[in-house]
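Below is query.txt, holding compact mmCIF, N, CA and C atoms.
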```
# COMPACT_ATOMS: atom_id res chain seq x y z
N MET A 1 -174.88 -158.44 320.59
CA MET A 1 -176.30 -158.24 320.39
C MET A 1 -177.08 -158.28 321.70
N ILE A 2 -176.69 -159.16 322.63
CA ILE A 2 -177.37 -159.23 323.92
C ILE A 2 -177.19 -157.93 324.68
N GLU A 3 -176.00 -157.35 324.61
CA GLU A 3 -175.75 -156.07 325.28
C GLU A 3 -176.65 -154.98 324.70
N SER A 4 -176.80 -154.97 323.37
CA SER A 4 -177.68 -153.99 322.73
C SER A 4 -179.12 -154.17 323.16
N MET A 5 -179.59 -155.41 323.23
CA MET A 5 -180.96 -155.68 323.64
C MET A 5 -181.17 -155.25 325.09
N SER A 6 -180.20 -155.47 325.93
CA SER A 6 -180.30 -155.03 327.32
C SER A 6 -180.41 -153.52 327.39
N THR A 7 -179.64 -152.82 326.59
CA THR A 7 -179.71 -151.36 326.58
C THR A 7 -181.06 -150.88 326.06
N VAL A 8 -181.60 -151.55 325.05
CA VAL A 8 -182.93 -151.22 324.54
C VAL A 8 -183.97 -151.35 325.65
N MET A 9 -183.90 -152.44 326.40
CA MET A 9 -184.87 -152.65 327.48
C MET A 9 -184.69 -151.63 328.60
N ILE A 10 -183.45 -151.29 328.91
CA ILE A 10 -183.19 -150.26 329.92
C ILE A 10 -183.75 -148.92 329.45
N LEU A 11 -183.50 -148.58 328.18
CA LEU A 11 -184.03 -147.33 327.61
C LEU A 11 -185.56 -147.30 327.70
N LEU A 12 -186.18 -148.39 327.32
CA LEU A 12 -187.64 -148.45 327.37
C LEU A 12 -188.15 -148.25 328.80
N CYS A 13 -187.53 -148.90 329.75
CA CYS A 13 -187.94 -148.76 331.16
C CYS A 13 -187.71 -147.33 331.66
N LEU A 14 -186.57 -146.76 331.34
CA LEU A 14 -186.29 -145.38 331.78
C LEU A 14 -187.26 -144.39 331.15
N LEU A 15 -187.60 -144.58 329.87
CA LEU A 15 -188.56 -143.68 329.23
C LEU A 15 -189.96 -143.85 329.83
N GLN A 16 -190.31 -145.07 330.25
CA GLN A 16 -191.60 -145.30 330.91
C GLN A 16 -191.65 -144.57 332.25
N ILE A 17 -190.59 -144.66 333.00
CA ILE A 17 -190.53 -143.98 334.30
C ILE A 17 -190.57 -142.47 334.09
N LYS A 18 -189.80 -141.98 333.11
CA LYS A 18 -189.82 -140.55 332.78
C LYS A 18 -191.23 -140.11 332.42
N HIS A 19 -191.92 -140.90 331.61
CA HIS A 19 -193.28 -140.55 331.18
C HIS A 19 -194.23 -140.46 332.37
N MET A 20 -194.15 -141.44 333.25
CA MET A 20 -195.00 -141.43 334.44
C MET A 20 -194.74 -140.17 335.27
N LEU A 21 -193.48 -139.86 335.49
CA LEU A 21 -193.15 -138.67 336.29
C LEU A 21 -193.63 -137.39 335.61
N ALA A 22 -193.36 -137.25 334.32
CA ALA A 22 -193.71 -136.02 333.61
C ALA A 22 -195.22 -135.86 333.44
N ASP A 23 -195.92 -136.95 333.19
CA ASP A 23 -197.37 -136.85 332.94
C ASP A 23 -198.20 -136.85 334.22
N TYR A 24 -197.73 -137.49 335.26
CA TYR A 24 -198.59 -137.67 336.43
C TYR A 24 -198.07 -137.02 337.71
N PHE A 25 -196.79 -136.77 337.82
CA PHE A 25 -196.25 -136.18 339.04
C PHE A 25 -195.80 -134.73 338.87
N LEU A 26 -195.39 -134.36 337.66
CA LEU A 26 -194.80 -133.04 337.46
C LEU A 26 -195.72 -132.06 336.73
N GLN A 27 -196.92 -132.48 336.39
CA GLN A 27 -197.83 -131.55 335.71
C GLN A 27 -198.45 -130.61 336.73
N THR A 28 -198.47 -129.35 336.39
CA THR A 28 -199.07 -128.34 337.25
C THR A 28 -200.46 -127.98 336.72
N LYS A 29 -201.20 -127.24 337.52
CA LYS A 29 -202.53 -126.81 337.10
C LYS A 29 -202.45 -126.02 335.80
N MET A 30 -201.43 -125.15 335.68
CA MET A 30 -201.26 -124.35 334.47
C MET A 30 -201.05 -125.25 333.25
N MET A 31 -200.35 -126.36 333.42
CA MET A 31 -200.11 -127.26 332.30
C MET A 31 -201.37 -127.99 331.87
N LEU A 32 -202.31 -128.14 332.79
CA LEU A 32 -203.52 -128.91 332.50
C LEU A 32 -204.68 -128.06 332.00
N GLU A 33 -204.67 -126.76 332.26
CA GLU A 33 -205.79 -125.90 331.87
C GLU A 33 -205.61 -125.40 330.44
N GLY A 34 -206.73 -125.15 329.75
CA GLY A 34 -206.71 -124.55 328.43
C GLY A 34 -206.02 -125.37 327.37
N ARG A 35 -206.10 -126.67 327.47
CA ARG A 35 -205.32 -127.54 326.58
C ARG A 35 -205.86 -127.61 325.16
N SER A 36 -207.04 -127.05 324.91
CA SER A 36 -207.54 -127.05 323.54
C SER A 36 -206.99 -125.89 322.72
N GLN A 37 -206.38 -124.91 323.38
CA GLN A 37 -205.75 -123.78 322.68
C GLN A 37 -204.43 -124.25 322.08
N TYR A 38 -204.16 -123.82 320.85
CA TYR A 38 -202.93 -124.29 320.21
C TYR A 38 -201.69 -123.73 320.90
N LEU A 39 -201.57 -122.42 320.97
CA LEU A 39 -200.40 -121.82 321.60
C LEU A 39 -200.65 -121.68 323.10
N HIS A 40 -200.48 -122.78 323.79
CA HIS A 40 -200.75 -122.86 325.22
C HIS A 40 -199.41 -122.98 325.96
N PHE A 41 -199.08 -121.98 326.75
CA PHE A 41 -197.79 -121.95 327.45
C PHE A 41 -197.60 -123.17 328.36
N GLY A 42 -198.66 -123.56 329.05
CA GLY A 42 -198.57 -124.72 329.95
C GLY A 42 -198.23 -126.00 329.19
N ARG A 43 -198.83 -126.17 328.00
CA ARG A 43 -198.53 -127.37 327.21
C ARG A 43 -197.09 -127.31 326.71
N CYS A 44 -196.61 -126.10 326.37
CA CYS A 44 -195.20 -125.94 325.96
C CYS A 44 -194.27 -126.38 327.10
N LEU A 45 -194.59 -125.93 328.31
CA LEU A 45 -193.78 -126.33 329.48
C LEU A 45 -193.83 -127.84 329.69
N HIS A 46 -195.02 -128.41 329.56
CA HIS A 46 -195.19 -129.84 329.75
C HIS A 46 -194.35 -130.63 328.73
N ALA A 47 -194.42 -130.22 327.46
CA ALA A 47 -193.62 -130.88 326.44
C ALA A 47 -192.13 -130.70 326.73
N GLY A 48 -191.77 -129.54 327.27
CA GLY A 48 -190.38 -129.30 327.65
C GLY A 48 -189.92 -130.20 328.78
N VAL A 49 -190.79 -130.44 329.75
CA VAL A 49 -190.46 -131.36 330.85
C VAL A 49 -190.18 -132.75 330.28
N HIS A 50 -191.01 -133.18 329.33
CA HIS A 50 -190.78 -134.49 328.69
C HIS A 50 -189.44 -134.50 327.96
N ALA A 51 -189.14 -133.43 327.23
CA ALA A 51 -187.89 -133.38 326.48
C ALA A 51 -186.68 -133.42 327.41
N ILE A 52 -186.73 -132.67 328.49
CA ILE A 52 -185.62 -132.67 329.45
C ILE A 52 -185.46 -134.06 330.08
N GLY A 53 -186.58 -134.68 330.40
CA GLY A 53 -186.52 -136.04 330.96
C GLY A 53 -185.90 -137.02 329.97
N SER A 54 -186.29 -136.94 328.72
CA SER A 54 -185.71 -137.83 327.71
C SER A 54 -184.24 -137.53 327.48
N LEU A 55 -183.87 -136.27 327.51
CA LEU A 55 -182.46 -135.90 327.39
C LEU A 55 -181.65 -136.58 328.49
N ILE A 56 -182.16 -136.52 329.70
CA ILE A 56 -181.47 -137.16 330.84
C ILE A 56 -181.36 -138.67 330.60
N VAL A 57 -182.45 -139.29 330.15
CA VAL A 57 -182.45 -140.74 329.91
C VAL A 57 -181.38 -141.11 328.89
N PHE A 58 -181.33 -140.39 327.77
CA PHE A 58 -180.36 -140.75 326.73
C PHE A 58 -178.93 -140.42 327.13
N VAL A 59 -178.74 -139.38 327.94
CA VAL A 59 -177.39 -139.08 328.44
C VAL A 59 -176.94 -140.19 329.39
N VAL A 60 -177.86 -140.71 330.19
CA VAL A 60 -177.52 -141.81 331.12
C VAL A 60 -176.98 -143.01 330.37
N ILE A 61 -177.50 -143.27 329.17
CA ILE A 61 -176.98 -144.43 328.42
C ILE A 61 -175.82 -144.02 327.50
N ALA A 62 -175.31 -142.81 327.70
CA ALA A 62 -174.12 -142.31 327.00
C ALA A 62 -174.34 -142.00 325.53
N ALA A 63 -175.56 -141.62 325.16
CA ALA A 63 -175.80 -141.17 323.79
C ALA A 63 -175.21 -139.76 323.66
N PRO A 64 -174.58 -139.46 322.55
CA PRO A 64 -173.94 -138.14 322.38
C PRO A 64 -174.98 -137.02 322.22
N LEU A 65 -174.63 -135.85 322.74
CA LEU A 65 -175.56 -134.71 322.69
C LEU A 65 -175.93 -134.31 321.27
N TYR A 66 -175.00 -134.44 320.31
CA TYR A 66 -175.33 -134.08 318.93
C TYR A 66 -176.49 -134.93 318.40
N PHE A 67 -176.66 -136.12 318.96
CA PHE A 67 -177.78 -136.99 318.59
C PHE A 67 -179.01 -136.70 319.44
N VAL A 68 -178.80 -136.52 320.74
CA VAL A 68 -179.91 -136.42 321.69
C VAL A 68 -180.70 -135.13 321.52
N VAL A 69 -180.03 -134.02 321.34
CA VAL A 69 -180.74 -132.72 321.29
C VAL A 69 -181.78 -132.68 320.16
N PRO A 70 -181.45 -133.00 318.92
CA PRO A 70 -182.50 -133.00 317.89
C PRO A 70 -183.61 -134.02 318.17
N LEU A 71 -183.24 -135.16 318.74
CA LEU A 71 -184.23 -136.19 319.04
C LEU A 71 -185.25 -135.68 320.06
N VAL A 72 -184.80 -135.04 321.11
CA VAL A 72 -185.73 -134.59 322.15
C VAL A 72 -186.50 -133.34 321.71
N ILE A 73 -185.93 -132.55 320.83
CA ILE A 73 -186.70 -131.43 320.27
C ILE A 73 -187.86 -131.98 319.44
N ALA A 74 -187.56 -133.00 318.64
CA ALA A 74 -188.63 -133.64 317.85
C ALA A 74 -189.68 -134.25 318.78
N GLU A 75 -189.23 -134.89 319.86
CA GLU A 75 -190.18 -135.47 320.81
C GLU A 75 -191.08 -134.39 321.40
N ALA A 76 -190.51 -133.25 321.78
CA ALA A 76 -191.30 -132.17 322.37
C ALA A 76 -192.37 -131.69 321.39
N ILE A 77 -192.01 -131.56 320.13
CA ILE A 77 -192.97 -131.11 319.11
C ILE A 77 -194.09 -132.14 318.94
N VAL A 78 -193.72 -133.41 318.87
CA VAL A 78 -194.72 -134.47 318.74
C VAL A 78 -195.61 -134.52 319.97
N HIS A 79 -195.00 -134.47 321.15
CA HIS A 79 -195.76 -134.53 322.40
C HIS A 79 -196.75 -133.37 322.48
N PHE A 80 -196.29 -132.17 322.16
CA PHE A 80 -197.13 -130.98 322.16
C PHE A 80 -198.38 -131.21 321.30
N HIS A 81 -198.19 -131.75 320.09
CA HIS A 81 -199.30 -131.92 319.17
C HIS A 81 -200.24 -133.06 319.56
N ILE A 82 -199.71 -134.11 320.12
CA ILE A 82 -200.58 -135.18 320.62
C ILE A 82 -201.48 -134.64 321.72
N ASP A 83 -200.90 -133.91 322.65
CA ASP A 83 -201.70 -133.35 323.75
C ASP A 83 -202.69 -132.31 323.26
N TRP A 84 -202.29 -131.52 322.26
CA TRP A 84 -203.21 -130.53 321.69
C TRP A 84 -204.40 -131.23 321.05
N TRP A 85 -204.13 -132.30 320.28
CA TRP A 85 -205.23 -133.06 319.67
C TRP A 85 -206.20 -133.54 320.74
N LYS A 86 -205.66 -134.14 321.81
CA LYS A 86 -206.54 -134.66 322.85
C LYS A 86 -207.34 -133.53 323.50
N GLY A 87 -206.70 -132.41 323.77
CA GLY A 87 -207.41 -131.27 324.37
C GLY A 87 -208.52 -130.76 323.48
N ARG A 88 -208.22 -130.60 322.19
CA ARG A 88 -209.24 -130.14 321.24
C ARG A 88 -210.37 -131.14 321.13
N HIS A 89 -210.03 -132.40 321.01
CA HIS A 89 -211.04 -133.45 320.84
C HIS A 89 -211.96 -133.53 322.06
N THR A 90 -211.37 -133.59 323.23
CA THR A 90 -212.21 -133.74 324.43
C THR A 90 -213.06 -132.50 324.68
N GLU A 91 -212.52 -131.31 324.37
CA GLU A 91 -213.34 -130.10 324.54
C GLU A 91 -214.44 -130.02 323.50
N ALA A 92 -214.13 -130.32 322.25
CA ALA A 92 -215.13 -130.25 321.18
C ALA A 92 -216.28 -131.23 321.44
N GLN A 93 -215.94 -132.38 322.00
CA GLN A 93 -216.95 -133.40 322.29
C GLN A 93 -217.56 -133.23 323.68
N LYS A 94 -217.05 -132.23 324.42
CA LYS A 94 -217.48 -131.96 325.80
C LYS A 94 -217.35 -133.22 326.68
N LEU A 95 -216.19 -133.86 326.54
CA LEU A 95 -215.94 -135.10 327.28
C LEU A 95 -215.35 -134.80 328.64
N THR A 96 -215.76 -135.59 329.61
CA THR A 96 -215.22 -135.52 330.97
C THR A 96 -214.79 -136.93 331.37
N PRO A 97 -214.08 -137.06 332.49
CA PRO A 97 -213.70 -138.40 332.94
C PRO A 97 -214.90 -139.33 333.18
N ALA A 98 -216.09 -138.79 333.23
CA ALA A 98 -217.28 -139.64 333.40
C ALA A 98 -217.70 -140.30 332.09
N ASP A 99 -217.11 -139.87 330.97
CA ASP A 99 -217.47 -140.40 329.65
C ASP A 99 -216.48 -141.45 329.18
N ALA A 100 -217.00 -142.55 328.64
CA ALA A 100 -216.13 -143.60 328.10
C ALA A 100 -215.26 -143.05 326.96
N ALA A 101 -215.80 -142.13 326.16
CA ALA A 101 -215.03 -141.57 325.05
C ALA A 101 -213.83 -140.76 325.54
N PHE A 102 -213.93 -140.17 326.72
CA PHE A 102 -212.78 -139.47 327.30
C PHE A 102 -211.64 -140.44 327.51
N TRP A 103 -211.96 -141.62 328.03
CA TRP A 103 -210.92 -142.61 328.32
C TRP A 103 -210.37 -143.23 327.04
N ARG A 104 -211.22 -143.34 326.00
CA ARG A 104 -210.70 -143.80 324.71
C ARG A 104 -209.70 -142.78 324.17
N ALA A 105 -210.05 -141.49 324.26
CA ALA A 105 -209.13 -140.44 323.81
C ALA A 105 -207.84 -140.47 324.62
N THR A 106 -207.96 -140.69 325.92
CA THR A 106 -206.77 -140.79 326.78
C THR A 106 -205.93 -141.99 326.38
N GLY A 107 -206.58 -143.10 326.06
CA GLY A 107 -205.85 -144.29 325.61
C GLY A 107 -205.10 -144.06 324.32
N VAL A 108 -205.74 -143.37 323.36
CA VAL A 108 -205.07 -143.04 322.10
C VAL A 108 -203.88 -142.11 322.37
N ASP A 109 -204.11 -141.09 323.20
CA ASP A 109 -203.05 -140.15 323.59
C ASP A 109 -201.85 -140.90 324.18
N GLN A 110 -202.10 -141.77 325.13
CA GLN A 110 -201.00 -142.49 325.78
C GLN A 110 -200.32 -143.47 324.82
N ALA A 111 -201.10 -144.13 323.97
CA ALA A 111 -200.51 -145.05 323.00
C ALA A 111 -199.60 -144.30 322.03
N LEU A 112 -200.03 -143.12 321.58
CA LEU A 112 -199.19 -142.34 320.68
C LEU A 112 -197.89 -141.90 321.36
N HIS A 113 -197.97 -141.55 322.64
CA HIS A 113 -196.74 -141.21 323.37
C HIS A 113 -195.81 -142.42 323.46
N GLN A 114 -196.38 -143.57 323.74
CA GLN A 114 -195.56 -144.78 323.85
C GLN A 114 -194.93 -145.15 322.51
N LEU A 115 -195.69 -144.99 321.43
CA LEU A 115 -195.14 -145.26 320.10
C LEU A 115 -194.04 -144.25 319.75
N THR A 116 -194.13 -143.05 320.28
CA THR A 116 -193.05 -142.07 320.11
C THR A 116 -191.77 -142.60 320.74
N TYR A 117 -191.88 -143.23 321.92
CA TYR A 117 -190.69 -143.79 322.57
C TYR A 117 -190.13 -144.95 321.77
N VAL A 118 -190.99 -145.78 321.21
CA VAL A 118 -190.52 -146.88 320.35
C VAL A 118 -189.74 -146.29 319.17
N ALA A 119 -190.28 -145.24 318.56
CA ALA A 119 -189.60 -144.61 317.43
C ALA A 119 -188.26 -144.02 317.86
N MET A 120 -188.22 -143.37 319.02
CA MET A 120 -186.98 -142.78 319.51
C MET A 120 -185.91 -143.85 319.74
N ILE A 121 -186.33 -144.95 320.34
CA ILE A 121 -185.39 -146.05 320.59
C ILE A 121 -184.91 -146.64 319.27
N TRP A 122 -185.81 -146.82 318.32
CA TRP A 122 -185.43 -147.35 317.02
C TRP A 122 -184.43 -146.43 316.33
N ILE A 123 -184.70 -145.11 316.35
CA ILE A 123 -183.77 -144.14 315.75
C ILE A 123 -182.41 -144.22 316.43
N TRP A 124 -182.39 -144.30 317.76
CA TRP A 124 -181.13 -144.43 318.49
C TRP A 124 -180.40 -145.69 318.04
N PHE A 125 -181.13 -146.80 317.96
CA PHE A 125 -180.52 -148.08 317.63
C PHE A 125 -179.92 -148.07 316.23
N VAL A 126 -180.70 -147.64 315.24
CA VAL A 126 -180.19 -147.70 313.86
C VAL A 126 -179.14 -146.63 313.60
N THR A 127 -179.15 -145.56 314.37
CA THR A 127 -178.18 -144.48 314.15
C THR A 127 -176.86 -144.73 314.88
N LEU A 128 -176.93 -145.22 316.10
CA LEU A 128 -175.72 -145.28 316.93
C LEU A 128 -175.26 -146.69 317.30
N VAL A 129 -176.12 -147.67 317.20
CA VAL A 129 -175.75 -149.00 317.71
C VAL A 129 -175.45 -149.95 316.58
N ARG A 130 -176.30 -150.04 315.65
CA ARG A 130 -176.22 -151.04 314.59
C ARG A 130 -175.02 -150.92 313.75
```
Turn this file's structure into structure tokens for me.
Amino acid sequence: MIESMSTVMILLCLLQIKHMLADYFLQTKMMLEGRSQYLHFGRCLHAGVHAIGSLIVFVVIAAPLYFVVPLVIAEAIVHFHIDWWKGRHTEAQKLTPADAAFWRATGVDQALHQLTYVAMIWIWFVTLVR
């Protein structure tokens, strides 16, 4: 059980680092513009960057590809929709970083992404470890 808990904590840390890199270091201007549009190519790429990062994280802990591929596809779909919601909401409300409501929306966006990682780790644990 201690080994499993250590792996859970490692997974959580690796997903946090992946999230920081994908959201703050690897986003391009194209990924950030037009985010209120549903079929936005930049947001598709951004969600793909997250999925590839998560794939790498789960492969590092030796999760099998038959498990990882559907998991990261689901993550990409969820990530895409969370970001779309935030883009629509902030544009509809005409929010900018100068507005407190912009930061509340950003907080909800980031919390939903983090809860996605909790769900992914839980699915990994109950499917492959327990």
Edge lengths and centre, in Å to one decimal, as lines of an AutoDock Vina configuration file: that's what I need for the box along x, y and z that holds all listed atoms of segment 29-41 of chain A plus 8 Å on each side.
```
center_x = -202.6
center_y = -125.3
center_z = 328.9
size_x = 25.9
size_y = 23.2
size_z = 33.3
```
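In this structure, atom N of Ala47 of chain A sits 15.7 Å away from atom C of Val68 of chain A.
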* **Nearest residue to Met120 of chain A from the set A:Leu71, A:Cys13, A:Ala105, A:Leu65 (distances using only C-alpha atoms)** =>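 Smallest separation from Met120 of chain A among the options: A:Leu71.
With distances taken over all atoms listed in the file, A:Tyr38 is the one residue among A:Tyr117, A:Trp124, A:Tyr38, A:Phe25 lying closest to Trp84 of chain A.
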* Find, counting all atoms listed in the file, the residue in A:Val78, A:Val60, A:Leu55, A:Ile121 that gets nearest to Val8 of chain A. =>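 Closest residue, counting all atoms listed in the file: A:Ile121.
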* For segment 88-96 of chain A: contacts at 12 Å, only C-alpha atoms, fewer than 6 positions along chain excluded, given as JSON, numbers by chain -> {"A": [33, 34, 35, 36, 37, 38, 40, 81, 82, 102, 103, 104, 105, 106, 108, 109]}
* To do: Tell me, as an MDAnalysis selection string, which residues lie within 12 Å of Gln27 of chain A, counting only C-alpha atoms; anything in the same chain fewer than 3 positions away does not count.
  => chainID A and resid 19:24 30:33 42:50
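Atom CA of Arg130 of chain A sits 18.3 Å away from atom CA of Val59 of chain A.
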* Structure fact -> Atom pair atom C of Trp85 of chain A + atom N of Gln110 of chain A, distance 10.2 Å
How about completing segment 14-25 of chain A with all heavy atoms and giving it to me as a JSON list (two decimals), in the frame of the given file?
```
[["chain", "number", "residue", "atom", "x", "y", "z"],
["A", 14, "LEU", "N", -186.57, -146.76, 331.34],
["A", 14, "LEU", "CA", -186.29, -145.38, 331.78],
["A", 14, "LEU", "C", -187.26, -144.39, 331.15],
["A", 14, "LEU", "O", -187.72, -143.45, 331.82],
["A", 14, "LEU", "CB", -184.85, -145.00, 331.45],
["A", 14, "LEU", "CG", -183.76, -145.71, 332.27],
["A", 14, "LEU", "CD1", -182.38, -145.35, 331.74],
["A", 14, "LEU", "CD2", -183.89, -145.37, 333.75],
["A", 15, "LEU", "N", -187.60, -144.58, 329.87],
["A", 15, "LEU", "CA", -188.56, -143.68, 329.23],
["A", 15, "LEU", "C", -189.96, -143.85, 329.83],
["A", 15, "LEU", "O", -190.72, -142.88, 329.94],
["A", 15, "LEU", "CB", -188.58, -143.90, 327.72],
["A", 15, "LEU", "CG", -187.35, -143.37, 326.98],
["A", 15, "LEU", "CD1", -187.31, -143.86, 325.54],
["A", 15, "LEU", "CD2", -187.28, -141.85, 327.03],
["A", 16, "GLN", "N", -190.31, -145.07, 330.25],
["A", 16, "GLN", "CA", -191.60, -145.30, 330.91],
["A", 16, "GLN", "C", -191.65, -144.57, 332.25],
["A", 16, "GLN", "O", -192.67, -143.94, 332.58],
["A", 16, "GLN", "CB", -191.84, -146.79, 331.13],
["A", 16, "GLN", "CG", -191.99, -147.60, 329.88],
["A", 16, "GLN", "CD", -193.18, -147.16, 329.06],
["A", 16, "GLN", "OE1", -194.29, -147.07, 329.54],
["A", 16, "GLN", "NE2", -192.93, -146.84, 327.81],
["A", 17, "ILE", "N", -190.59, -144.66, 333.00],
["A", 17, "ILE", "CA", -190.53, -143.98, 334.30],
["A", 17, "ILE", "C", -190.57, -142.47, 334.09],
["A", 17, "ILE", "O", -191.30, -141.75, 334.77],
["A", 17, "ILE", "CB", -189.27, -144.41, 335.09],
["A", 17, "ILE", "CG1", -189.39, -145.88, 335.50],
["A", 17, "ILE", "CG2", -189.04, -143.50, 336.30],
["A", 17, "ILE", "CD1", -188.09, -146.51, 335.95],
["A", 18, "LYS", "N", -189.80, -141.98, 333.11],
["A", 18, "LYS", "CA", -189.82, -140.55, 332.78],
["A", 18, "LYS", "C", -191.23, -140.11, 332.42],
["A", 18, "LYS", "O", -191.71, -139.07, 332.86],
["A", 18, "LYS", "CB", -188.85, -140.28, 331.64],
["A", 18, "LYS", "CG", -188.72, -138.84, 331.20],
["A", 18, "LYS", "CD", -189.75, -138.32, 330.21],
["A", 18, "LYS", "CE", -189.79, -139.05, 328.89],
["A", 18, "LYS", "NZ", -190.65, -138.32, 327.90],
["A", 19, "HIS", "N", -191.92, -140.90, 331.61],
["A", 19, "HIS", "CA", -193.28, -140.55, 331.18],
["A", 19, "HIS", "C", -194.23, -140.46, 332.37],
["A", 19, "HIS", "O", -195.01, -139.51, 332.48],
["A", 19, "HIS", "CB", -193.80, -141.57, 330.16],
["A", 19, "HIS", "CG", -195.10, -141.16, 329.56],
["A", 19, "HIS", "ND1", -195.19, -140.29, 328.52],
["A", 19, "HIS", "CD2", -196.37, -141.48, 329.90],
["A", 19, "HIS", "CE1", -196.46, -140.09, 328.22],
["A", 19, "HIS", "NE2", -197.20, -140.81, 329.05],
["A", 20, "MET", "N", -194.15, -141.44, 333.25],
["A", 20, "MET", "CA", -195.00, -141.43, 334.44],
["A", 20, "MET", "C", -194.74, -140.17, 335.27],
["A", 20, "MET", "O", -195.68, -139.49, 335.69],
["A", 20, "MET", "CB", -194.74, -142.67, 335.30],
["A", 20, "MET", "CG", -195.54, -142.69, 336.60],
["A", 20, "MET", "SD", -194.99, -143.96, 337.75],
["A", 20, "MET", "CE", -193.33, -143.44, 338.11],
["A", 21, "LEU", "N", -193.48, -139.86, 335.49],
["A", 21, "LEU", "CA", -193.15, -138.67, 336.29],
["A", 21, "LEU", "C", -193.63, -137.39, 335.61],
["A", 21, "LEU", "O", -194.26, -136.54, 336.25],
["A", 21, "LEU", "CB", -191.64, -138.61, 336.55],
["A", 21, "LEU", "CG", -191.08, -139.70, 337.45],
["A", 21, "LEU", "CD1", -189.56, -139.64, 337.47],
["A", 21, "LEU", "CD2", -191.65, -139.60, 338.86],
["A", 22, "ALA", "N", -193.36, -137.25, 334.32],
["A", 22, "ALA", "CA", -193.71, -136.02, 333.61],
["A", 22, "ALA", "C", -195.22, -135.86, 333.44],
["A", 22, "ALA", "O", -195.74, -134.75, 333.54],
["A", 22, "ALA", "CB", -193.02, -135.98, 332.25],
["A", 23, "ASP", "N", -195.92, -136.95, 333.19],
["A", 23, "ASP", "CA", -197.37, -136.85, 332.94],
["A", 23, "ASP", "C", -198.20, -136.85, 334.22],
["A", 23, "ASP", "O", -199.29, -136.27, 334.22],
["A", 23, "ASP", "CB", -197.84, -138.00, 332.04],
["A", 23, "ASP", "CG", -198.08, -137.55, 330.62],
["A", 23, "ASP", "OD1", -197.56, -136.50, 330.22],
["A", 23, "ASP", "OD2", -198.80, -138.26, 329.89],
["A", 24, "TYR", "N", -197.73, -137.49, 335.26],
["A", 24, "TYR", "CA", -198.59, -137.67, 336.43],
["A", 24, "TYR", "C", -198.07, -137.02, 337.71],
["A", 24, "TYR", "O", -198.85, -136.75, 338.61],
["A", 24, "TYR", "CB", -198.85, -139.16, 336.66],
["A", 24, "TYR", "CG", -199.58, -139.75, 335.48],
["A", 24, "TYR", "CD1", -198.89, -140.48, 334.51],
["A", 24, "TYR", "CD2", -200.94, -139.55, 335.31],
["A", 24, "TYR", "CE1", -199.56, -141.00, 333.41],
["A", 24, "TYR", "CE2", -201.61, -140.07, 334.22],
["A", 24, "TYR", "CZ", -200.92, -140.79, 333.27],
["A", 24, "TYR", "OH", -201.57, -141.30, 332.18],
["A", 25, "PHE", "N", -196.79, -136.77, 337.82],
["A", 25, "PHE", "CA", -196.25, -136.18, 339.04],
["A", 25, "PHE", "C", -195.80, -134.73, 338.87],
["A", 25, "PHE", "O", -195.80, -133.97, 339.83],
["A", 25, "PHE", "CB", -195.08, -137.02, 339.57],
["A", 25, "PHE", "CG", -195.51, -138.35, 340.13],
["A", 25, "PHE", "CD1", -195.70, -139.44, 339.30],
["A", 25, "PHE", "CD2", -195.75, -138.50, 341.49],
["A", 25, "PHE", "CE1", -196.11, -140.67, 339.81],
["A", 25, "PHE", "CE2", -196.16, -139.72, 342.00],
["A", 25, "PHE", "CZ", -196.35, -140.80, 341.17]]
```
